[in-house]
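Shown next, in structure tokens, is the structure this report addresses.
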Amino acid sequence: MRRLLFIANASAGSSDREAQEAALAVLREGGDVEVVETESIDDLTEAIAARDGREVVVAGGDGSLHAFVTALCRTGALGEDPPTVGLLPMGTGNDFARATGLPKDPAEAARIVLASPVRPVDVLIDDDDNLVANAVHIGVGEEAGRIAAPWKERLGKVHLGILGYAIGGIAAGFGQQGRHLEVVADDEVIADGSRRVLQVAATIGTSVGGGSTIAPDAEPGDGRAEVVVSFAVAPLRRLRYALHLSRGTHTELDDVVTRRARTVTVRGVNHDFAANADGEELDPARERTWRVVPEAYRLHTPEETT
């Protein structure tokens with residue numbers, strides 16, 4: 001019999017509780033399920049450390065997955081004997097779940113945990129040991145995430161949290177003027193700081209912001225991150241970039257550069273810059289380097305995505 005550790009959010013609302021119970025009913029048909037409710041990263045780290053070989057099932061979105069890989073790093077198990085993980089999409093955006101083809105319904109995703117194979121999944125880690133499970137943004141993406149955060153919380157109370165992404169994206173798109181950044185991907189300079197940059201994204205998954213396909217060619221387990229740099233700082237070019245981003249065709253534009261890399265370094269030219277990793281704000285820094293940790297964990301995914 002399968003042995004599973006179900007990680008639940010202790011502050012989940014009533015509708016999420018119902019979805020969790022439906023998913024648990026499915027999981028209990030095929031395994032011995034231990035349920036742990038966590039309120040903090042310390043709780044989660046303790047649960048992961050004491051899992052005793054159980055497969056971990058994370059009920060949540062990109063933020064919950066981010067917390068899981070952070071806890072995995074704290075236990076010293078990141079990249080060593082990768083744990084097997086199931087993901088039940090119960091967040092606001094669920095971008096990483098979308099990238100791996102998981103169904104939106106948590107009970108259906110629970111059936112994937114029981115019946116589907118696993119695939120290796122990478123993560124990113126920076127020089128301050130901050131983890132990235134899906135995507136890290138600098139520039140307009142970081143600003144959009146910062147603006148969206150309080151709106152997601154407010155609108156989430158009436159199950160409209162996804163609209164927070166749209167509010168953040170629109171506000172940031174109008175206000176962002178770009179900044180001078182150097183971007184180096186695997187020792188190749190793709191932005192030298194002489195031109196203003198609208199956005200830098202380094203991703204494991206394909207989408208952000210509740211469904212915007214920022215990195216259509218990303219492969220979560222190929223040992224490389226997808227790096228996207230947009231130089232679209234003029235007003236009409238920002239608008240063009242936004243329209244193409246909504247269709248996932250922005251990487252075809254002449255002012256967008258993409259690379260696949262094992263490491264990416266971003267430097268501010270005479271200024272610090274902020275970054276947003278899976279919805280978490282990082283402290284401003286003059287320079288940050290992210291590197292790929294290959295096969296950090298193994299994720300149950302639908303067979304057609306393997």
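Residues in the structure tokens are numbered from 1 in each chain, the chains being A, B, ... in the order shown, and ligands are numbered from 1 in the order shown.
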Item to complete: Find the spatial neighbours of Glu226 in chain A, counting only C-alpha atoms, within a cut-off of 9 Å - ignore same-chain residues fewer than 5 positions away - and output them as a PyMOL selection string.
Response: chain A and resi 201-206+215-219+258-262
Please produce an output containing N, CA, C and O atoms for each residue in the selection, written as a PDB file, in the first residue's frame.
ATOM      1  N   ALA A 201      12.866  37.358 -16.670  1.00  0.00           N
ATOM      2  CA  ALA A 201      12.239  36.217 -16.008  1.00  0.00           C
ATOM      3  C   ALA A 201      13.132  35.001 -16.198  1.00  0.00           C
ATOM      4  O   ALA A 201      13.687  34.789 -17.284  1.00  0.00           O
ATOM      5  N   ALA A 202      13.290  34.233 -15.142  1.00  0.00           N
ATOM      6  CA  ALA A 202      13.970  32.937 -15.211  1.00  0.00           C
ATOM      7  C   ALA A 202      12.978  31.913 -14.697  1.00  0.00           C
ATOM      8  O   ALA A 202      12.486  32.038 -13.567  1.00  0.00           O
ATOM      9  N   THR A 203      12.656  30.932 -15.506  1.00  0.00           N
ATOM     10  CA  THR A 203      11.540  30.055 -15.172  1.00  0.00           C
ATOM     11  C   THR A 203      11.889  28.581 -15.282  1.00  0.00           C
ATOM     12  O   THR A 203      12.713  28.170 -16.092  1.00  0.00           O
ATOM     13  N   ILE A 204      11.214  27.812 -14.431  1.00  0.00           N
ATOM     14  CA  ILE A 204      11.191  26.359 -14.552  1.00  0.00           C
ATOM     15  C   ILE A 204       9.920  25.943 -15.289  1.00  0.00           C
ATOM     16  O   ILE A 204       9.935  25.086 -16.163  1.00  0.00           O
ATOM     17  N   GLY A 205       8.802  26.574 -14.932  1.00  0.00           N
ATOM     18  CA  GLY A 205       7.535  26.322 -15.599  1.00  0.00           C
ATOM     19  C   GLY A 205       7.342  27.234 -16.789  1.00  0.00           C
ATOM     20  O   GLY A 205       8.211  28.045 -17.139  1.00  0.00           O
ATOM     21  N   THR A 206       6.164  27.127 -17.416  1.00  0.00           N
ATOM     22  CA  THR A 206       5.899  27.882 -18.637  1.00  0.00           C
ATOM     23  C   THR A 206       5.086  29.150 -18.417  1.00  0.00           C
ATOM     24  O   THR A 206       5.178  30.077 -19.218  1.00  0.00           O
ATOM     25  N   ALA A 215       7.154  31.615 -20.791  1.00  0.00           N
ATOM     26  CA  ALA A 215       8.267  30.828 -21.324  1.00  0.00           C
ATOM     27  C   ALA A 215       7.718  29.578 -22.012  1.00  0.00           C
ATOM     28  O   ALA A 215       7.734  28.487 -21.446  1.00  0.00           O
ATOM     29  N   PRO A 216       7.203  29.719 -23.228  1.00  0.00           N
ATOM     30  CA  PRO A 216       6.536  28.593 -23.892  1.00  0.00           C
ATOM     31  C   PRO A 216       7.422  27.385 -24.120  1.00  0.00           C
ATOM     32  O   PRO A 216       6.910  26.268 -24.249  1.00  0.00           O
ATOM     33  N   ASP A 217       8.733  27.571 -24.155  1.00  0.00           N
ATOM     34  CA  ASP A 217       9.638  26.448 -24.430  1.00  0.00           C
ATOM     35  C   ASP A 217      10.246  25.825 -23.182  1.00  0.00           C
ATOM     36  O   ASP A 217      11.093  24.927 -23.282  1.00  0.00           O
ATOM     37  N   ALA A 218       9.839  26.284 -22.010  1.00  0.00           N
ATOM     38  CA  ALA A 218      10.426  25.747 -20.779  1.00  0.00           C
ATOM     39  C   ALA A 218      10.077  24.272 -20.603  1.00  0.00           C
ATOM     40  O   ALA A 218       8.971  23.828 -20.914  1.00  0.00           O
ATOM     41  N   GLU A 219      11.041  23.508 -20.089  1.00  0.00           N
ATOM     42  CA  GLU A 219      10.861  22.089 -19.776  1.00  0.00           C
ATOM     43  C   GLU A 219      11.263  21.896 -18.322  1.00  0.00           C
ATOM     44  O   GLU A 219      12.444  22.005 -17.985  1.00  0.00           O
ATOM     45  N   THR A 258      15.580  35.264 -25.597  1.00  0.00           N
ATOM     46  CA  THR A 258      15.404  34.087 -24.736  1.00  0.00           C
ATOM     47  C   THR A 258      16.646  33.207 -24.817  1.00  0.00           C
ATOM     48  O   THR A 258      17.305  33.134 -25.855  1.00  0.00           O
ATOM     49  N   ARG A 259      16.950  32.566 -23.710  1.00  0.00           N
ATOM     50  CA  ARG A 259      18.044  31.600 -23.643  1.00  0.00           C
ATOM     51  C   ARG A 259      17.645  30.496 -22.669  1.00  0.00           C
ATOM     52  O   ARG A 259      16.846  30.709 -21.761  1.00  0.00           O
ATOM     53  N   ARG A 260      18.236  29.335 -22.831  1.00  0.00           N
ATOM     54  CA  ARG A 260      18.095  28.257 -21.856  1.00  0.00           C
ATOM     55  C   ARG A 260      19.444  28.114 -21.184  1.00  0.00           C
ATOM     56  O   ARG A 260      20.469  27.991 -21.855  1.00  0.00           O
ATOM     57  N   ALA A 261      19.444  28.153 -19.863  1.00  0.00           N
ATOM     58  CA  ALA A 261      20.718  28.241 -19.155  1.00  0.00           C
ATOM     59  C   ALA A 261      20.659  27.509 -17.827  1.00  0.00           C
ATOM     60  O   ALA A 261      19.602  27.328 -17.233  1.00  0.00           O
ATOM     61  N   ARG A 262      21.844  27.099 -17.378  1.00  0.00           N
ATOM     62  CA  ARG A 262      21.971  26.459 -16.062  1.00  0.00           C
ATOM     63  C   ARG A 262      22.183  27.481 -14.953  1.00  0.00           C
ATOM     64  O   ARG A 262      21.896  27.214 -13.799  1.00  0.00           O
TER      65      ARG A 262
END
Fill in: Exercise: range 36-53 of chain A partners within 7 Å, only C-alpha atoms, chain neighbours under 4 positions left out, as a PyMOL selection string
chain A and resi 5-10+67+71-72+74-75
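Taking only C-alpha atoms into account, Asp186 in chain A lies nearest to A:Trp290 out of the set A:Phe96, A:Trp290, A:Tyr241, A:Phe273.
Comparing A:Val118, A:Ala107, A:Val123, A:Cys73 by their smallest distance to Thr301 in chain A, the closest is A:Val118 (using only C-alpha atoms).
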Item to complete: Enumerate the residues of range 55-119 of chain A with a DSSP assignment of alpha helix (DSSP H), computed from the backbone, and present them as an MDAnalysis selection string.
Response: chainID A and resid 62:74 95:99 106:115
